[in-house]
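Visitor: final_20.txt is reproduced in full below (compact mmCIF, N, CA and C atoms).
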```txt
# COMPACT_ATOMS: atom_id res chain seq x y z
N PRO A 1 94.75 105.62 103.09
CA PRO A 1 94.31 106.29 104.30
C PRO A 1 93.86 105.27 105.35
N GLU A 2 93.99 105.69 106.56
CA GLU A 2 93.60 104.82 107.66
C GLU A 2 92.26 105.28 108.21
N TYR A 3 91.31 104.38 108.21
CA TYR A 3 89.98 104.73 108.69
C TYR A 3 89.75 104.24 110.11
N THR A 4 90.34 103.12 110.47
CA THR A 4 90.15 102.58 111.81
C THR A 4 91.31 101.66 112.15
N LYS A 5 91.47 101.41 113.44
CA LYS A 5 92.45 100.44 113.93
C LYS A 5 91.73 99.51 114.90
N PHE A 6 92.28 98.31 115.04
CA PHE A 6 91.72 97.38 116.01
C PHE A 6 91.90 97.96 117.40
N SER A 7 90.94 97.72 118.26
CA SER A 7 91.09 98.13 119.66
C SER A 7 91.72 96.97 120.42
N GLY A 8 92.29 97.27 121.53
CA GLY A 8 92.88 96.22 122.36
C GLY A 8 94.38 96.11 122.23
N ASP A 9 94.89 95.01 122.77
CA ASP A 9 96.33 94.80 122.84
C ASP A 9 96.83 93.95 121.69
N LEU A 10 97.92 94.36 121.11
CA LEU A 10 98.61 93.56 120.10
C LEU A 10 99.46 92.52 120.80
N SER A 11 100.15 92.93 121.84
CA SER A 11 100.99 92.03 122.64
C SER A 11 100.82 92.41 124.10
N PRO A 12 99.91 91.71 124.80
CA PRO A 12 99.68 92.07 126.20
C PRO A 12 100.93 91.93 127.08
N SER A 13 101.78 90.93 126.79
CA SER A 13 102.96 90.73 127.63
C SER A 13 103.98 91.86 127.47
N LEU A 14 104.02 92.48 126.27
CA LEU A 14 104.94 93.60 126.05
C LEU A 14 104.26 94.96 126.20
N GLY A 15 102.94 94.96 126.41
CA GLY A 15 102.21 96.21 126.59
C GLY A 15 102.07 97.02 125.31
N ILE A 16 102.00 96.35 124.17
CA ILE A 16 101.85 97.05 122.89
C ILE A 16 100.39 96.97 122.45
N LYS A 17 99.79 98.11 122.20
CA LYS A 17 98.41 98.18 121.72
C LYS A 17 98.41 98.34 120.20
N PHE A 18 97.31 97.99 119.56
CA PHE A 18 97.20 98.18 118.12
C PHE A 18 97.32 99.65 117.75
N SER A 19 96.87 100.53 118.62
CA SER A 19 96.96 101.96 118.33
C SER A 19 98.40 102.47 118.38
N ASP A 20 99.31 101.70 118.97
CA ASP A 20 100.72 102.10 119.04
C ASP A 20 101.48 101.79 117.76
N VAL A 21 100.91 100.98 116.88
CA VAL A 21 101.61 100.54 115.67
C VAL A 21 101.43 101.59 114.58
N PRO A 22 102.53 102.16 114.07
CA PRO A 22 102.40 103.15 113.00
C PRO A 22 102.12 102.50 111.66
N ASN A 23 101.72 103.31 110.71
CA ASN A 23 101.49 102.81 109.35
C ASN A 23 102.83 102.63 108.65
N GLY A 24 102.83 101.86 107.60
CA GLY A 24 103.99 101.74 106.73
C GLY A 24 105.12 100.92 107.32
N LEU A 25 106.33 101.28 106.92
CA LEU A 25 107.51 100.53 107.31
C LEU A 25 107.83 100.65 108.79
N GLY A 26 107.28 101.65 109.44
CA GLY A 26 107.50 101.81 110.87
C GLY A 26 106.94 100.65 111.68
N ALA A 27 105.97 99.94 111.14
CA ALA A 27 105.38 98.81 111.86
C ALA A 27 106.37 97.65 111.99
N LEU A 28 107.35 97.59 111.10
CA LEU A 28 108.32 96.49 111.16
C LEU A 28 109.10 96.49 112.46
N SER A 29 109.37 97.66 113.00
CA SER A 29 110.16 97.74 114.22
C SER A 29 109.31 97.69 115.48
N VAL A 30 107.99 97.85 115.35
CA VAL A 30 107.13 97.89 116.54
C VAL A 30 106.51 96.53 116.82
N VAL A 31 106.07 95.82 115.79
CA VAL A 31 105.44 94.51 115.97
C VAL A 31 106.52 93.51 116.38
N PRO A 32 106.29 92.72 117.44
CA PRO A 32 107.29 91.76 117.89
C PRO A 32 107.54 90.66 116.85
N LEU A 33 108.70 90.04 116.93
CA LEU A 33 109.07 88.97 116.01
C LEU A 33 108.07 87.83 116.06
N ALA A 34 107.56 87.52 117.23
CA ALA A 34 106.58 86.44 117.36
C ALA A 34 105.32 86.74 116.55
N GLY A 35 104.93 88.00 116.46
CA GLY A 35 103.77 88.37 115.66
C GLY A 35 104.00 88.14 114.18
N TRP A 36 105.19 88.53 113.69
CA TRP A 36 105.51 88.30 112.28
C TRP A 36 105.59 86.81 111.98
N LEU A 37 106.14 86.03 112.92
CA LEU A 37 106.23 84.59 112.72
C LEU A 37 104.85 83.94 112.69
N GLN A 38 103.92 84.45 113.48
CA GLN A 38 102.54 83.94 113.45
C GLN A 38 101.89 84.20 112.10
N ILE A 39 102.11 85.39 111.55
CA ILE A 39 101.54 85.73 110.24
C ILE A 39 102.11 84.81 109.17
N ILE A 40 103.43 84.60 109.19
CA ILE A 40 104.07 83.74 108.19
C ILE A 40 103.60 82.30 108.36
N ALA A 41 103.47 81.82 109.60
CA ALA A 41 103.01 80.45 109.84
C ALA A 41 101.58 80.26 109.35
N PHE A 42 100.72 81.26 109.57
CA PHE A 42 99.33 81.14 109.10
C PHE A 42 99.27 81.09 107.58
N CYS A 43 100.04 81.96 106.92
CA CYS A 43 100.07 81.95 105.45
C CYS A 43 100.60 80.61 104.94
N GLY A 44 101.63 80.07 105.59
CA GLY A 44 102.15 78.76 105.19
C GLY A 44 101.15 77.65 105.40
N PHE A 45 100.37 77.73 106.48
CA PHE A 45 99.33 76.74 106.74
C PHE A 45 98.27 76.77 105.65
N ILE A 46 97.84 77.95 105.27
CA ILE A 46 96.82 78.07 104.23
C ILE A 46 97.37 77.55 102.90
N GLU A 47 98.61 77.90 102.57
CA GLU A 47 99.21 77.43 101.33
C GLU A 47 99.39 75.91 101.33
N ASN A 48 99.76 75.35 102.46
CA ASN A 48 100.05 73.93 102.54
C ASN A 48 98.80 73.06 102.51
N THR A 49 97.70 73.56 103.05
CA THR A 49 96.48 72.76 103.10
C THR A 49 95.61 72.95 101.88
N GLY A 50 95.92 73.87 101.00
CA GLY A 50 95.11 74.07 99.81
C GLY A 50 93.77 74.69 100.09
N PHE A 51 93.72 75.62 101.04
CA PHE A 51 92.50 76.36 101.39
C PHE A 51 91.41 75.47 101.99
N THR A 52 91.76 74.30 102.48
CA THR A 52 90.79 73.47 103.19
C THR A 52 91.33 73.19 104.57
N PHE A 53 90.47 73.12 105.54
CA PHE A 53 90.89 72.89 106.91
C PHE A 53 90.58 71.48 107.38
N ASN A 54 89.88 70.67 106.57
CA ASN A 54 89.51 69.34 107.01
C ASN A 54 90.39 68.24 106.42
N GLN A 55 91.10 68.51 105.35
CA GLN A 55 91.98 67.50 104.77
C GLN A 55 93.20 68.17 104.16
N ARG A 56 94.29 67.45 104.21
CA ARG A 56 95.53 67.97 103.66
C ARG A 56 95.68 67.45 102.24
N LYS A 57 96.00 68.35 101.31
CA LYS A 57 96.17 67.96 99.92
C LYS A 57 97.65 67.83 99.60
N LYS A 58 97.97 66.89 98.75
CA LYS A 58 99.34 66.73 98.25
C LYS A 58 99.52 67.71 97.11
N ILE A 59 99.97 68.90 97.43
CA ILE A 59 100.07 69.93 96.41
C ILE A 59 101.37 69.78 95.63
N GLY A 60 102.47 69.67 96.31
CA GLY A 60 103.75 69.55 95.63
C GLY A 60 104.51 70.87 95.65
N TRP A 61 105.77 70.79 95.31
CA TRP A 61 106.65 71.95 95.33
C TRP A 61 106.36 72.85 94.15
N MET A 62 106.24 74.15 94.38
CA MET A 62 106.00 75.18 93.36
C MET A 62 104.66 74.99 92.64
N LEU A 63 103.69 74.40 93.32
CA LEU A 63 102.35 74.23 92.77
C LEU A 63 101.37 74.86 93.75
N ASP A 64 100.18 75.22 93.24
CA ASP A 64 99.16 75.68 94.16
C ASP A 64 98.01 74.69 94.18
N ALA A 65 97.02 74.94 95.03
CA ALA A 65 95.95 73.97 95.24
C ALA A 65 95.12 73.75 93.98
N SER A 66 95.14 74.68 93.06
CA SER A 66 94.34 74.51 91.84
C SER A 66 94.98 73.51 90.89
N MET A 67 96.24 73.17 91.09
CA MET A 67 96.95 72.30 90.16
C MET A 67 96.85 70.83 90.55
N THR A 68 95.97 70.49 91.48
CA THR A 68 95.80 69.10 91.88
C THR A 68 94.74 68.39 91.06
N SER A 69 94.02 69.11 90.20
CA SER A 69 92.98 68.48 89.39
C SER A 69 93.55 68.00 88.07
N GLU A 70 92.67 67.55 87.19
CA GLU A 70 93.11 67.03 85.90
C GLU A 70 93.65 68.13 85.00
N LYS A 71 93.07 69.32 85.08
CA LYS A 71 93.50 70.42 84.22
C LYS A 71 94.91 70.88 84.57
N ALA A 72 95.23 70.89 85.84
CA ALA A 72 96.54 71.30 86.34
C ALA A 72 96.95 72.66 85.79
N GLU A 73 96.06 73.61 85.90
CA GLU A 73 96.32 74.97 85.42
C GLU A 73 96.39 75.90 86.61
N PRO A 74 97.48 76.64 86.77
CA PRO A 74 97.61 77.51 87.94
C PRO A 74 96.49 78.54 88.03
N GLY A 75 95.91 78.67 89.21
CA GLY A 75 94.88 79.67 89.44
C GLY A 75 93.48 79.29 89.00
N ASN A 76 93.31 78.16 88.32
CA ASN A 76 91.98 77.74 87.87
C ASN A 76 91.43 76.75 88.88
N TYR A 77 90.53 77.24 89.72
CA TYR A 77 89.96 76.41 90.77
C TYR A 77 88.67 75.73 90.33
N GLY A 78 88.37 75.76 89.04
CA GLY A 78 87.20 75.07 88.52
C GLY A 78 85.90 75.79 88.77
N LEU A 79 85.95 77.06 89.10
CA LEU A 79 84.72 77.81 89.36
C LEU A 79 84.23 78.57 88.14
N GLY A 80 85.03 78.65 87.11
CA GLY A 80 84.63 79.39 85.92
C GLY A 80 84.76 80.89 86.12
N TRP A 81 84.24 81.62 85.16
CA TRP A 81 84.35 83.07 85.18
C TRP A 81 83.52 83.64 86.32
N ILE A 82 84.08 84.49 87.11
CA ILE A 82 83.53 85.12 88.32
C ILE A 82 82.83 84.12 89.24
N GLY A 83 83.34 82.91 89.30
CA GLY A 83 82.80 81.91 90.21
C GLY A 83 81.44 81.38 89.80
N ALA A 84 81.17 81.32 88.50
CA ALA A 84 79.85 80.88 88.01
C ALA A 84 79.78 79.37 87.85
N PHE A 85 80.75 78.62 88.38
CA PHE A 85 80.77 77.16 88.34
C PHE A 85 80.63 76.60 86.93
N ASN A 86 81.35 77.24 86.00
CA ASN A 86 81.41 76.80 84.60
C ASN A 86 80.06 76.77 83.90
N THR A 87 79.12 77.59 84.35
CA THR A 87 77.83 77.66 83.67
C THR A 87 77.88 78.61 82.48
N ILE A 88 78.88 79.48 82.43
CA ILE A 88 79.05 80.40 81.30
C ILE A 88 80.05 79.77 80.35
N LYS A 89 79.69 79.71 79.08
CA LYS A 89 80.53 79.06 78.09
C LYS A 89 81.85 79.84 77.94
N PRO A 90 82.99 79.14 78.05
CA PRO A 90 84.27 79.83 77.93
C PRO A 90 84.58 80.24 76.50
N ILE A 91 85.16 81.43 76.36
CA ILE A 91 85.63 81.92 75.07
C ILE A 91 87.14 82.04 75.18
N PRO A 92 87.90 81.16 74.48
CA PRO A 92 89.35 81.13 74.68
C PRO A 92 90.06 82.46 74.42
N ALA A 93 89.67 83.19 73.38
CA ALA A 93 90.34 84.45 73.08
C ALA A 93 90.08 85.49 74.18
N LEU A 94 88.86 85.52 74.66
CA LEU A 94 88.52 86.46 75.74
C LEU A 94 89.24 86.08 77.03
N ARG A 95 89.32 84.78 77.30
CA ARG A 95 90.01 84.32 78.50
C ARG A 95 91.50 84.68 78.43
N GLN A 96 92.12 84.51 77.29
CA GLN A 96 93.52 84.86 77.14
C GLN A 96 93.74 86.35 77.34
N ARG A 97 92.81 87.16 76.82
CA ARG A 97 92.92 88.61 76.99
C ARG A 97 92.81 88.99 78.47
N LYS A 98 91.90 88.33 79.18
CA LYS A 98 91.73 88.62 80.61
C LYS A 98 92.93 88.15 81.42
N LEU A 99 93.51 87.01 81.04
CA LEU A 99 94.71 86.55 81.74
C LEU A 99 95.88 87.50 81.51
N ASN A 100 96.02 88.00 80.29
CA ASN A 100 97.08 88.98 80.01
C ASN A 100 96.86 90.27 80.78
N ALA A 101 95.60 90.71 80.88
CA ALA A 101 95.29 91.92 81.65
C ALA A 101 95.59 91.71 83.14
N GLU A 102 95.30 90.50 83.63
CA GLU A 102 95.58 90.21 85.04
C GLU A 102 97.08 90.22 85.30
N LEU A 103 97.86 89.67 84.39
CA LEU A 103 99.32 89.71 84.54
C LEU A 103 99.84 91.15 84.53
N ALA A 104 99.34 91.95 83.60
CA ALA A 104 99.79 93.34 83.50
C ALA A 104 99.40 94.12 84.75
N ASN A 105 98.19 93.92 85.25
CA ASN A 105 97.76 94.63 86.46
C ASN A 105 98.55 94.18 87.67
N GLY A 106 98.88 92.89 87.75
CA GLY A 106 99.69 92.40 88.85
C GLY A 106 101.09 93.01 88.84
N ARG A 107 101.68 93.12 87.65
CA ARG A 107 103.00 93.73 87.55
C ARG A 107 102.96 95.20 87.92
N LEU A 108 101.92 95.89 87.49
CA LEU A 108 101.76 97.30 87.84
C LEU A 108 101.59 97.47 89.35
N ALA A 109 100.83 96.58 89.97
CA ALA A 109 100.63 96.65 91.42
C ALA A 109 101.94 96.42 92.16
N MET A 110 102.78 95.51 91.67
CA MET A 110 104.07 95.27 92.32
C MET A 110 104.97 96.50 92.23
N VAL A 111 104.99 97.15 91.08
CA VAL A 111 105.79 98.37 90.93
C VAL A 111 105.25 99.47 91.83
N ALA A 112 103.92 99.58 91.91
CA ALA A 112 103.30 100.63 92.73
C ALA A 112 103.60 100.43 94.21
N ILE A 113 103.54 99.20 94.70
CA ILE A 113 103.79 98.99 96.12
C ILE A 113 105.27 99.22 96.44
N LEU A 114 106.16 98.88 95.51
CA LEU A 114 107.57 99.19 95.73
C LEU A 114 107.82 100.69 95.76
N ALA A 115 107.11 101.44 94.91
CA ALA A 115 107.23 102.89 94.93
C ALA A 115 106.70 103.46 96.25
N MET A 116 105.63 102.88 96.77
CA MET A 116 105.10 103.34 98.05
C MET A 116 106.05 103.00 99.20
N PHE A 117 106.71 101.83 99.13
CA PHE A 117 107.73 101.51 100.13
C PHE A 117 108.86 102.54 100.08
N PHE A 118 109.28 102.91 98.87
CA PHE A 118 110.34 103.90 98.72
C PHE A 118 109.90 105.25 99.30
N GLN A 119 108.67 105.67 98.98
CA GLN A 119 108.16 106.93 99.52
C GLN A 119 108.10 106.89 101.04
N ASN A 120 107.62 105.77 101.58
CA ASN A 120 107.49 105.67 103.03
C ASN A 120 108.84 105.66 103.70
N GLY A 121 109.81 104.98 103.10
CA GLY A 121 111.15 104.97 103.67
C GLY A 121 111.86 106.30 103.55
N THR A 122 111.57 107.05 102.50
CA THR A 122 112.24 108.33 102.27
C THR A 122 111.59 109.46 103.06
N PHE A 123 110.27 109.58 102.95
CA PHE A 123 109.55 110.70 103.56
C PHE A 123 108.84 110.34 104.86
N GLY A 124 108.72 109.05 105.16
CA GLY A 124 108.01 108.63 106.36
C GLY A 124 106.53 108.52 106.18
N THR A 125 106.03 108.81 105.00
CA THR A 125 104.60 108.73 104.73
C THR A 125 104.39 108.59 103.23
N THR A 126 103.20 108.13 102.85
CA THR A 126 102.84 108.11 101.44
C THR A 126 101.65 109.03 101.19
N GLY A 127 101.27 109.78 102.21
CA GLY A 127 100.13 110.67 102.10
C GLY A 127 100.52 112.06 101.63
N PRO A 128 99.58 112.99 101.66
CA PRO A 128 99.85 114.35 101.21
C PRO A 128 100.86 115.10 102.08
N GLU A 129 101.13 114.58 103.28
CA GLU A 129 102.09 115.24 104.16
C GLU A 129 103.50 115.23 103.57
N MET A 130 103.79 114.28 102.68
CA MET A 130 105.14 114.20 102.12
C MET A 130 105.44 115.37 101.19
N TRP A 131 104.41 116.07 100.73
CA TRP A 131 104.63 117.21 99.84
C TRP A 131 104.88 118.48 100.63
N ALA A 132 104.83 118.40 101.96
CA ALA A 132 105.10 119.53 102.86
C ALA A 132 104.21 120.72 102.56
N ILE A 133 102.95 120.45 102.25
CA ILE A 133 101.99 121.53 102.04
C ILE A 133 101.09 121.61 103.26
N GLU A 134 100.59 122.76 103.51
CA GLU A 134 99.68 122.95 104.63
C GLU A 134 98.29 122.46 104.23
N LEU A 135 97.79 121.49 104.97
CA LEU A 135 96.49 120.94 104.66
C LEU A 135 95.40 121.80 105.30
N PRO A 136 94.28 121.96 104.62
CA PRO A 136 93.18 122.70 105.25
C PRO A 136 92.67 121.94 106.48
N GLU A 137 91.98 122.67 107.36
CA GLU A 137 91.54 122.08 108.62
C GLU A 137 90.51 120.97 108.42
N TYR A 138 89.84 120.96 107.26
CA TYR A 138 88.83 119.93 107.03
C TYR A 138 89.36 118.76 106.21
N ALA A 139 90.64 118.72 105.92
CA ALA A 139 91.21 117.60 105.17
C ALA A 139 91.35 116.38 106.07
N ASN A 140 91.39 115.23 105.46
CA ASN A 140 91.54 113.95 106.15
C ASN A 140 90.42 113.67 107.13
N THR A 141 89.23 114.15 106.85
CA THR A 141 88.08 113.82 107.67
C THR A 141 87.14 112.95 106.86
N VAL A 142 86.35 112.17 107.53
CA VAL A 142 85.40 111.29 106.86
C VAL A 142 84.00 111.83 107.15
N GLY A 143 83.32 112.29 106.13
CA GLY A 143 81.95 112.73 106.26
C GLY A 143 81.75 114.19 106.65
N ASP A 144 82.76 114.85 107.17
CA ASP A 144 82.63 116.23 107.60
C ASP A 144 83.51 117.11 106.71
N PHE A 145 82.91 117.68 105.68
CA PHE A 145 83.68 118.45 104.70
C PHE A 145 83.42 119.95 104.79
N ILE A 146 82.76 120.39 105.86
CA ILE A 146 82.48 121.82 106.01
C ILE A 146 83.55 122.42 106.92
N PRO A 147 84.25 123.45 106.46
CA PRO A 147 85.26 124.08 107.33
C PRO A 147 84.61 124.64 108.60
N LYS A 148 85.32 124.57 109.69
CA LYS A 148 84.77 124.98 110.98
C LYS A 148 84.50 126.47 111.05
N ASN A 149 85.29 127.28 110.36
CA ASN A 149 85.07 128.73 110.44
C ASN A 149 83.92 129.20 109.57
N LEU A 150 83.35 128.32 108.73
CA LEU A 150 82.21 128.71 107.89
C LEU A 150 80.90 128.20 108.45
N ALA A 151 80.94 127.31 109.40
CA ALA A 151 79.72 126.69 109.92
C ALA A 151 79.05 127.57 110.96
```
Could you render the structure as structure tokens?
Guide:
Amino acid sequence: PEYTKFSGDLSPSLGIKFSDVPNGLGALSVVPLAGWLQIIAFCGFIENTGFTFNQRKKIGWMLDASMTSEKAEPGNYGLGWIGAFNTIKPIPALRQRKLNAELANGRLAMVAILAMFFQNGTFGTTGPEMWAIELPEYANTVGDFIPKNLA
């Protein structure tokens, strides 16, 4: 669900406001190419610098910033469990179980987002509107759940 949108202009030169951009796959045709290129360039900058803005790290091809240390383990930034800076003693069996759960959840999330892309491309929405049911007048409101004819 959409709770808010940025105010102002997305592209002042083209006269596109943030409120003009639809949800889902429809945004691909509304946002200018320069906007998508800026997003990709920013992501590439973050990946290339290793999450630091003051020095450039030699990460290497197909490696991430966590693999520049002695451990060279993907995703291990040396912070320990929940960022406790290795103050909690590691339990290898528990860590392996959590890594397997993270892999499984990541795979499930990828399948789910592909299903939502399919729904959005087919029906134009991923919300309850795709079921073609009549929504009550108080649906899709935040904080106001009392029907107007009962108040």
Visitor: Find the distance between atom C of A:Ala41 and atom C of A:Leu114 and write it in Å to one decimal.
Guide: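 Computed distance, atom C of A:Ala41 to atom C of A:Leu114, equals 25.3 Å.
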Visitor: Sorted by chain and rising residue number, list the residues of stretch 6-34 of chain A at most 12 Å from stretch 116-129 of chain A (counting only C-alpha atoms), each with its closest atom pair and distance in Å to one decimal, as a Markdown table.
Guide:
```
| residue | atom | partner | partner_atom | distance |
| --- | --- | --- | --- | --- |
| A:Pro22 | CA | A:Thr125 | CA | 10.2 |
| A:Asn23 | CA | A:Thr125 | CA | 8.1 |
| A:Gly24 | CA | A:Asn120 | CA | 6.4 |
| A:Leu25 | CA | A:Asn120 | CA | 6.7 |
| A:Gly26 | CA | A:Gly124 | CA | 8.2 |
| A:Ala27 | CA | A:Asn120 | CA | 11.4 |
| A:Leu28 | CA | A:Gly121 | CA | 11.7 |
```
Visitor: Now that the selection is made, can you save its residues with N, CA and C atoms as a CSV table (one decimal), in the frame of the given file?
Guide:
```
chain,number,residue,atom,x,y,z
A,22,PRO,N,102.5,102.2,114.1
A,22,PRO,CA,102.4,103.2,113.0
A,22,PRO,C,102.1,102.5,111.7
A,23,ASN,N,101.7,103.3,110.7
A,23,ASN,CA,101.5,102.8,109.4
A,23,ASN,C,102.8,102.6,108.6
A,24,GLY,N,102.8,101.9,107.6
A,24,GLY,CA,104.0,101.7,106.7
A,24,GLY,C,105.1,100.9,107.3
A,25,LEU,N,106.3,101.3,106.9
A,25,LEU,CA,107.5,100.5,107.3
A,25,LEU,C,107.8,100.6,108.8
A,26,GLY,N,107.3,101.6,109.4
A,26,GLY,CA,107.5,101.8,110.9
A,26,GLY,C,106.9,100.6,111.7
A,27,ALA,N,106.0,99.9,111.1
A,27,ALA,CA,105.4,98.8,111.9
A,27,ALA,C,106.4,97.6,112.0
A,28,LEU,N,107.4,97.6,111.1
A,28,LEU,CA,108.3,96.5,111.2
A,28,LEU,C,109.1,96.5,112.5
```
Visitor: Distance atom C of A:Gly35-atom N of A:Leu10, one decimal place?
Guide: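 We find that atom C of A:Gly35 and atom N of A:Leu10 lie 11.1 Å from each other.
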Visitor: Please report the interatomic distance between atom CA of A:Val30 and atom CA of A:Ile16 in Å with one decimal.
Guide: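 Separating atom CA of A:Val30 from atom CA of A:Ile16 is a distance of 8.3 Å.
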Visitor: Apply DSSP to the structure's backbone, then extract all residues of stretch 5-49 of chain A labelled strand (DSSP E or B) and return them as JSON, numbers by chain.
Guide: {"A": [9, 10, 11, 16, 17]}
Visitor: Given the selection you just returned, output its residues as a file containing N, CA and C atoms, formatted as a PDB file, in the coordinates of the input.
Guide:
```pdb
ATOM      1  N   ASP A   9      94.890  95.010 122.770  1.00  0.00           N
ATOM      2  CA  ASP A   9      96.330  94.800 122.840  1.00  0.00           C
ATOM      3  C   ASP A   9      96.830  93.950 121.690  1.00  0.00           C
ATOM      4  N   LEU A  10      97.920  94.360 121.110  1.00  0.00           N
ATOM      5  CA  LEU A  10      98.610  93.560 120.100  1.00  0.00           C
ATOM      6  C   LEU A  10      99.460  92.520 120.800  1.00  0.00           C
ATOM      7  N   SER A  11     100.150  92.930 121.840  1.00  0.00           N
ATOM      8  CA  SER A  11     100.990  92.030 122.640  1.00  0.00           C
ATOM      9  C   SER A  11     100.820  92.410 124.100  1.00  0.00           C
ATOM     10  N   ILE A  16     102.000  96.350 124.170  1.00  0.00           N
ATOM     11  CA  ILE A  16     101.850  97.050 122.890  1.00  0.00           C
ATOM     12  C   ILE A  16     100.390  96.970 122.450  1.00  0.00           C
ATOM     13  N   LYS A  17      99.790  98.110 122.200  1.00  0.00           N
ATOM     14  CA  LYS A  17      98.410  98.180 121.720  1.00  0.00           C
ATOM     15  C   LYS A  17      98.410  98.340 120.200  1.00  0.00           C
TER      16      LYS A  17
END
```
